[in-house]
Amino acid sequence: MSITDIQVTDELVHGDDHHEEHHEQSFIFKYIFSTDHKTIAKQFLITGIFWAILGGGLSVIFRLQLGFPDMDMGFLQPFLGDWISNSGKLDPEFYLAMITMHGTIMVFFVLTAGLSGTFSNYLIPLQLGARDMASGFMNLLSYWFFFLSSVIMFISMFLSTGPASGGWTIYPPLSALPQAMSGSGMGMTLWLVSMVFFIASTLLGGINYITTVINLRTEGMTFRRMPLTIWAFFITAILGLLSFPVLVACVLLLVFDRSFGTSFYLSEIFIGGEALPNLGGSPILFQHLFWFLGHPEVYIVILPALGITSEVISTNSRKPIFGYTAMIGSILAIAFLSFIVWAHHMFITGMNPFLGSIFMFLTLIIAIPSAVKAFNYITTLWKGNLVFTPAMLFSIGLVSFFISGGLTGLFLGNAAIDINLHDTYFVVAHFHLVMGSAAFFGLLAGVYHWFPKMFGRMMDEKLGYIHFWLTFVGVYLVFFPLHYIGIAGFPRRYYSFTNFDAFSSFVDLNSFVTVAAIITFGAQFIFLFNFFYNIFIFRN
Amino acid sequence: MLNTIIILAAILILVILFAIFRVSSLVDVIKGDSSTKIPPSNGTQANLLLLFLMAGLVGGFYYSFGGLEDDFVLPVASKHGVITDTLFWWTMAITGVVFIVTHIFLFGFSWKYQHRKNQVAYFYPHNNKLEMIWTIIPAIVLAALVFTGWKAWMDITRESPEGSEVIEIMGYQYAWSVRYPGADKVLGDYDYLKIDATNQMGIDFSDRASFDDFIPREIHVPKGKPVRFNIRARDVIHSVYQPHFRLQMNAVPGMPTQFWFEPTKTTEEMRTETKNPDFQYELVCNKICGQGHFAMRYIIVVDELEDYKEWFKSQEPWLKQNADYLTEIPAKLREAASIVAGIENPGDLDAPNGLTISGSK
């Protein structure tokens, strides 16, 4: 199949020809094992939505625990079973499992596969004037590897020992030793297996996107004329291609340590009443390998969202994006720099302080291209003729989050300030704004903007506005206060704060954040209703 | 009760928003404005964006300067903490200005250039001068931040000064253990293979410096003297974090780390300053380490130098408290160990390893 799908560059294709490319196909090959980029994009989108509901739902449950530590959670027993004790208390280990799954799901399954997978697949051929992706078969494999990975990750949540619970960064030795916590047993194994399939999916997709962009542009579509969305997807794919293999290496070494008695990450450990024989490994090695992916991953998440925003803002301002060349330049600069800043996640891990100072320097440089992007978006609005469709509002919201979250990066990137802020709620607030919410808004803006193209229907605008305002205000109400408690030294990943005098004074604020989080999560169902109702039921 | 209120509030907000959009679209219909593809509530959206800006600014200012700030900004109690706090507030000032100005432009432009009849967008694809300006100005500001931050960082992470108090902290699931060097001011070796139910920290008594080491129940440090923490972990990664000292360093198994600082306020002084008679410096674990992660509390007491010296002297060597452990020490070192540790009646010093010796403290 792959051979027949490859197009030649100089073949002129019109945008409307996309529907009738394949011959008669059975239902299974048309809708399930499809090689059509539009169908695959929808598959990614629907799977991403499924994960987003799950990931968001988990966050509501653990926010309840944080906001109302004395609450009787017995009503969750039908869903969570033994993880809720008979006195209605959430199990502390399951709390950690939930934050781990929330992070994994949101970062990888929703904002990497759901966002890139959907819009790279959908838009690259359409905006380039190609008939389909370079290899439809690889595209199919990419989705089904993702699906397989999703199934494995989903199954891991139903283990009696719980899913992986060591945080989405799975630092060993915690993740390497089943003695350390029950989630590091089978749950962690499934996490690792799932992640290997996920990486395979990302690589297959990435190679496909890159090949398509380089080879299948229609006549006259030079790189200097390519839409910024495609530039963003193109660079994202390159980032993924270069960084995800490092995660494979990182994960495989962890598998060796877990199963075959090697000592890549383990040394001088006494746990569960016995001294382990492992000597000479270093947990810091894992962190270097992990963040070598982990940092570019942040840009893998946010660049496509920025690309979508470029298109949406430009369209709805009725003028071209300001500084097209500078925008491409800043994407390239961000992409390049993202590979040499990873150790700013590790300032206080005991890494050589001199390395810390170099990474601080490189990290703060990345603020310059980011600032250029933000300024260019604002200038695009200047003297425009602005039409506030829901997509436009979400894009403006994205720019706002990108600025708010980006600025707090200047605190965390500064090693001296990071000493006190590292791993506190300040970090939580920072990345939830700049990559979490901003990328989510990019995804939503894309869906609202291209929904008519994707499904041939319109979404209801009023519901879109309500969805936007509840979400936009809600996100700020959730994450803005978290900066404050972060400055006060609240550590993240804490099951409860009642054990410390210093932290017990913020109960009210935590309750407020929880209420805001529930409302924000609830608002997403307006979107879901709007989305599915208009696809399946409403016919205009 | 609270749940009901939340649900009611959510429903109310929904209804209000829906009503607003409904009214605005009806108004537009009456005006006969719905012929274009412009959303009927376009103006409402623009106004809401402006409203959000103003409400956000007012709310943010009130929340930041309305008297609550004392709760969030912990009083600093270490020398380097003053420097990092200064950096923090300078960064806050710079980013605060950028934050407010960019948001005024973002939402202000959104409101000002909302679609109007016969309004034409101004073709403005690029302006190299403008772009140069907003590349170079952030670069200069960042250079200043990098330079000051780098100086502070190198200063904080340099080797601890001569004569620092050296204290060893070990994290394990889910508590901390602390060892002081004892009268000889030298910490003995440790070996993770020597860890057992008694010798929790794996102190290696083949090193003579270990004999007088003591393990107290809480950390005491002197005010006005550099203190160096030698940090290690027994099982998984932990992190030694104390927000008042602006102190944080991971505890990594197999890789000793360190952090030094100089306390500037005693616990008593902090009690007066915070008006909290029960104030304690609390040591926090700040790296996910398992289900008890949230409960790894340990007290640090900052004393005046005199009190600290007295406390230090009053501590008994670990070996004295656990005299039975003498049998685990190589036979030729037992006598020296019992003398240094001050064990008065050490019993049979030649007993084979593992036998209990009578007599202890």
# chains A, B, ... in the order shown; residues from 1 in each chain; ligands from 1
$ residues_around --residues "segment 261-275 of chain B" --least-positions-apart "4" --cutoff "7 Å" --atoms "only C-alpha atoms" --output "MDAnalysis selection string"
chainID B and resid 77:80 223:228 279:280 301:304
$ residues_around --residues "Leu142 of chain B" --least-positions-apart "4" --cutoff "7 Å" --atoms "only C-alpha atoms" --output "PyMOL selection string"
(chain A and resi 364) or (chain B and resi 138+146)
$ residues_around --residues "segment 148-157 of chain B" --least-positions-apart "6" --cutoff "9 Å" --atoms "only C-alpha atoms" --output "list of chain:residue names"
A:Pro353, A:Phe354, A:Gly356, A:Ser357, A:Ile358, A:Met360, A:Phe361, A:Asn414, A:Ala415, A:Ala416, A:Ile417, B:His80, B:Ile83, B:Thr84, B:Leu87, B:Gln258, B:Phe259, B:Trp260, B:Phe261
$ closest_residue --among "A:Tyr425, A:Glu311, A:Tyr484, A:Thr380" --to "Tyr124 of chain B" --atoms "only C-alpha atoms"
A:Thr380
$ residues_around --residues "segment 333-338 of chain A" --least-positions-apart "5" --cutoff "7 Å" --atoms "only C-alpha atoms" --output "list in words"
Leu239, His295, Pro296, Ile366 and Pro369 of chain A
$ residues_around --residues "Pro317 of chain B" --least-positions-apart "6" --cutoff "7 Å" --atoms "only C-alpha atoms" --output "number ranges by chain"
B: 212-214, 341
$ select_by_dssp --residues "segment 132-274 of chain B" --states "alpha helix (DSSP H)" --output "number ranges by chain"
B: 132-156, 267-274
$ write_last_selection --atoms "C-alpha atoms" --output "tab-separated table (two decimals), in the first residue's frame"
chain	number	residue	atom	x	y	z
B	132	MET	CA	15.10	44.09	16.25
B	133	ILE	CA	14.01	46.21	19.20
B	134	TRP	CA	12.06	43.45	20.84
B	135	THR	CA	14.79	40.95	20.25
B	136	ILE	CA	17.57	43.11	21.63
B	137	ILE	CA	15.82	44.57	24.69
B	138	PRO	CA	14.86	41.17	26.14
B	139	ALA	CA	18.39	39.99	25.37
B	140	ILE	CA	19.89	42.82	27.44
B	141	VAL	CA	17.49	42.27	30.33
B	142	LEU	CA	18.15	38.54	30.25
B	143	ALA	CA	21.89	39.13	30.19
B	144	ALA	CA	21.53	41.08	33.43
B	145	LEU	CA	19.41	38.32	34.98
B	146	VAL	CA	21.84	35.63	33.87
B	147	PHE	CA	24.84	37.50	35.19
B	148	THR	CA	23.42	38.24	38.64
B	149	GLY	CA	21.92	34.77	38.90
B	150	TRP	CA	25.18	33.15	37.86
B	151	LYS	CA	27.16	35.10	40.46
B	152	ALA	CA	24.74	34.18	43.22
B	153	TRP	CA	24.63	30.55	42.15
B	154	MET	CA	28.41	30.16	42.05
B	155	ASP	CA	28.63	31.84	45.45
B	156	ILE	CA	26.02	29.59	47.03
B	267	THR	CA	14.05	29.49	66.38
B	268	GLU	CA	13.20	31.83	69.28
B	269	GLU	CA	13.74	34.91	67.11
B	270	MET	CA	11.52	33.43	64.40
B	271	ARG	CA	8.81	32.80	67.00
B	272	THR	CA	8.84	36.47	67.85
B	273	GLU	CA	8.96	37.55	64.23
B	274	THR	CA	6.14	35.33	63.03
$ atom_distance --atom1 "atom CA of Gly280 of chain A" --atom2 "atom CA of Pro173 of chain A"
13.1 Å
$ atom_distance --atom1 "atom CA of Arg131 of chain A" --atom2 "atom CA of Phe223 of chain A"
18.2 Å
$ select_by_dssp --residues "segment 213-332 of chain B" --states "strand (DSSP E or B)" --output "PyMOL selection string"
chain B and resi 214+219-222+227-233+238-242+247-253+255+257-261+263+281-285+298-303
$ residues_around --residues "Glu131 of chain B" --least-positions-apart "4" --cutoff "8 Å" --atoms "only C-alpha atoms" --output "list of chain:residue names"
A:Gly323, A:Ala326, A:Val372, B:Asn127, B:Thr135
$ atom_distance --atom1 "atom CA of Phe107 of chain B" --atom2 "atom CA of Lys383 of chain A"
13.0 Å
$ residues_around --residues "segment 517-531 of chain A" --least-positions-apart "6" --cutoff "7 Å" --atoms "only C-alpha atoms" --output "list of chain:residue names"
A:Gly56, A:Val60, A:Met459, A:Asp460, A:Leu463, A:Gly464, A:His467, A:Leu470, A:Thr471, A:Gly474, A:Val475, A:Val478, B:Ala10
$ closest_residue --among "A:Val387, A:Ala97, A:Val255, A:Val196" --to "chain B" --atoms "only C-alpha atoms"
A:Val387
$ decode --residues "segment 190-218 of chain B" --atoms "N, CA and C atoms" --output "mmCIF file, in the first residue's frame"
data_model
loop_
_atom_site.group_PDB
_atom_site.id
_atom_site.type_symbol
_atom_site.label_atom_id
_atom_site.label_comp_id
_atom_site.auth_asym_id
_atom_site.auth_seq_id
_atom_site.Cartn_x
_atom_site.Cartn_y
_atom_site.Cartn_z
ATOM 1 N N TYR B 190 30.960 5.634 56.358
ATOM 2 C CA TYR B 190 29.780 4.789 56.404
ATOM 3 C C TYR B 190 29.860 3.802 55.256
ATOM 4 N N ASP B 191 29.093 2.741 55.378
ATOM 5 C CA ASP B 191 29.085 1.731 54.328
ATOM 6 C C ASP B 191 27.680 1.153 54.287
ATOM 7 N N TYR B 192 27.050 1.208 53.117
ATOM 8 C CA TYR B 192 25.637 0.793 53.076
ATOM 9 C C TYR B 192 25.482 -0.689 53.395
ATOM 10 N N LEU B 193 26.559 -1.456 53.261
ATOM 11 C CA LEU B 193 26.465 -2.885 53.587
ATOM 12 C C LEU B 193 26.391 -3.117 55.092
ATOM 13 N N LYS B 194 26.770 -2.109 55.879
ATOM 14 C CA LYS B 194 26.764 -2.272 57.338
ATOM 15 C C LYS B 194 25.414 -1.884 57.942
ATOM 16 N N ILE B 195 24.468 -1.450 57.095
ATOM 17 C CA ILE B 195 23.164 -1.062 57.625
ATOM 18 C C ILE B 195 22.430 -2.289 58.145
ATOM 19 N N ASP B 196 21.903 -2.200 59.351
ATOM 20 C CA ASP B 196 21.011 -3.249 59.847
ATOM 21 C C ASP B 196 20.000 -2.601 60.794
ATOM 22 N N ALA B 197 19.256 -3.420 61.512
ATOM 23 C CA ALA B 197 18.170 -2.878 62.334
ATOM 24 C C ALA B 197 18.684 -1.925 63.404
ATOM 25 N N THR B 198 19.882 -2.160 63.926
ATOM 26 C CA THR B 198 20.430 -1.264 64.948
ATOM 27 C C THR B 198 21.145 -0.087 64.301
ATOM 28 N N ASN B 199 22.079 -0.418 63.424
ATOM 29 C CA ASN B 199 22.909 0.603 62.805
ATOM 30 C C ASN B 199 22.219 1.126 61.554
ATOM 31 N N GLN B 200 21.192 1.949 61.761
ATOM 32 C CA GLN B 200 20.343 2.385 60.646
ATOM 33 C C GLN B 200 21.088 3.195 59.593
ATOM 34 N N MET B 201 22.131 3.888 60.014
ATOM 35 C CA MET B 201 22.829 4.746 59.059
ATOM 36 C C MET B 201 24.034 4.059 58.435
ATOM 37 N N GLY B 202 24.311 2.829 58.840
ATOM 38 C CA GLY B 202 25.449 2.129 58.265
ATOM 39 C C GLY B 202 26.785 2.736 58.644
ATOM 40 N N ILE B 203 26.897 3.191 59.909
ATOM 41 C CA ILE B 203 28.168 3.785 60.340
ATOM 42 C C ILE B 203 29.252 2.705 60.326
ATOM 43 N N ASP B 204 30.400 3.054 59.786
ATOM 44 C CA ASP B 204 31.491 2.092 59.657
ATOM 45 C C ASP B 204 32.452 2.305 60.828
ATOM 46 N N PHE B 205 32.431 1.364 61.802
ATOM 47 C CA PHE B 205 33.248 1.565 62.998
ATOM 48 C C PHE B 205 34.671 1.060 62.834
ATOM 49 N N SER B 206 35.045 0.632 61.644
ATOM 50 C CA SER B 206 36.469 0.375 61.455
ATOM 51 C C SER B 206 37.202 1.698 61.259
ATOM 52 N N ASP B 207 36.433 2.787 61.118
ATOM 53 C CA ASP B 207 37.030 4.120 61.079
ATOM 54 C C ASP B 207 36.939 4.709 62.493
ATOM 55 N N ARG B 208 38.088 5.073 63.040
ATOM 56 C CA ARG B 208 38.116 5.553 64.425
ATOM 57 C C ARG B 208 37.301 6.836 64.606
ATOM 58 N N ALA B 209 37.154 7.604 63.546
ATOM 59 C CA ALA B 209 36.404 8.862 63.667
ATOM 60 C C ALA B 209 34.933 8.616 63.984
ATOM 61 N N SER B 210 34.470 7.386 63.768
ATOM 62 C CA SER B 210 33.043 7.093 63.989
ATOM 63 C C SER B 210 32.705 6.927 65.458
ATOM 64 N N PHE B 211 33.699 6.632 66.289
ATOM 65 C CA PHE B 211 33.403 6.203 67.662
ATOM 66 C C PHE B 211 32.577 7.225 68.430
ATOM 67 N N ASP B 212 32.855 8.521 68.227
ATOM 68 C CA ASP B 212 32.142 9.520 69.027
ATOM 69 C C ASP B 212 30.988 10.181 68.269
ATOM 70 N N ASP B 213 30.674 9.694 67.060
ATOM 71 C CA ASP B 213 29.559 10.288 66.311
ATOM 72 C C ASP B 213 28.251 10.069 67.061
ATOM 73 N N PHE B 214 27.374 11.082 66.992
ATOM 74 C CA PHE B 214 26.081 10.880 67.658
ATOM 75 C C PHE B 214 24.919 11.176 66.710
ATOM 76 N N ILE B 215 23.805 10.534 66.999
ATOM 77 C CA ILE B 215 22.601 10.646 66.161
ATOM 78 C C ILE B 215 21.477 11.201 67.017
ATOM 79 N N PRO B 216 21.196 12.496 66.936
ATOM 80 C CA PRO B 216 20.161 13.095 67.792
ATOM 81 C C PRO B 216 18.773 12.947 67.180
ATOM 82 N N ARG B 217 17.758 13.338 67.947
ATOM 83 C CA ARG B 217 16.385 13.214 67.465
ATOM 84 C C ARG B 217 15.949 14.403 66.624
ATOM 85 N N GLU B 218 16.637 15.537 66.809
ATOM 86 C CA GLU B 218 16.328 16.680 65.948
ATOM 87 C C GLU B 218 17.633 17.377 65.596
#
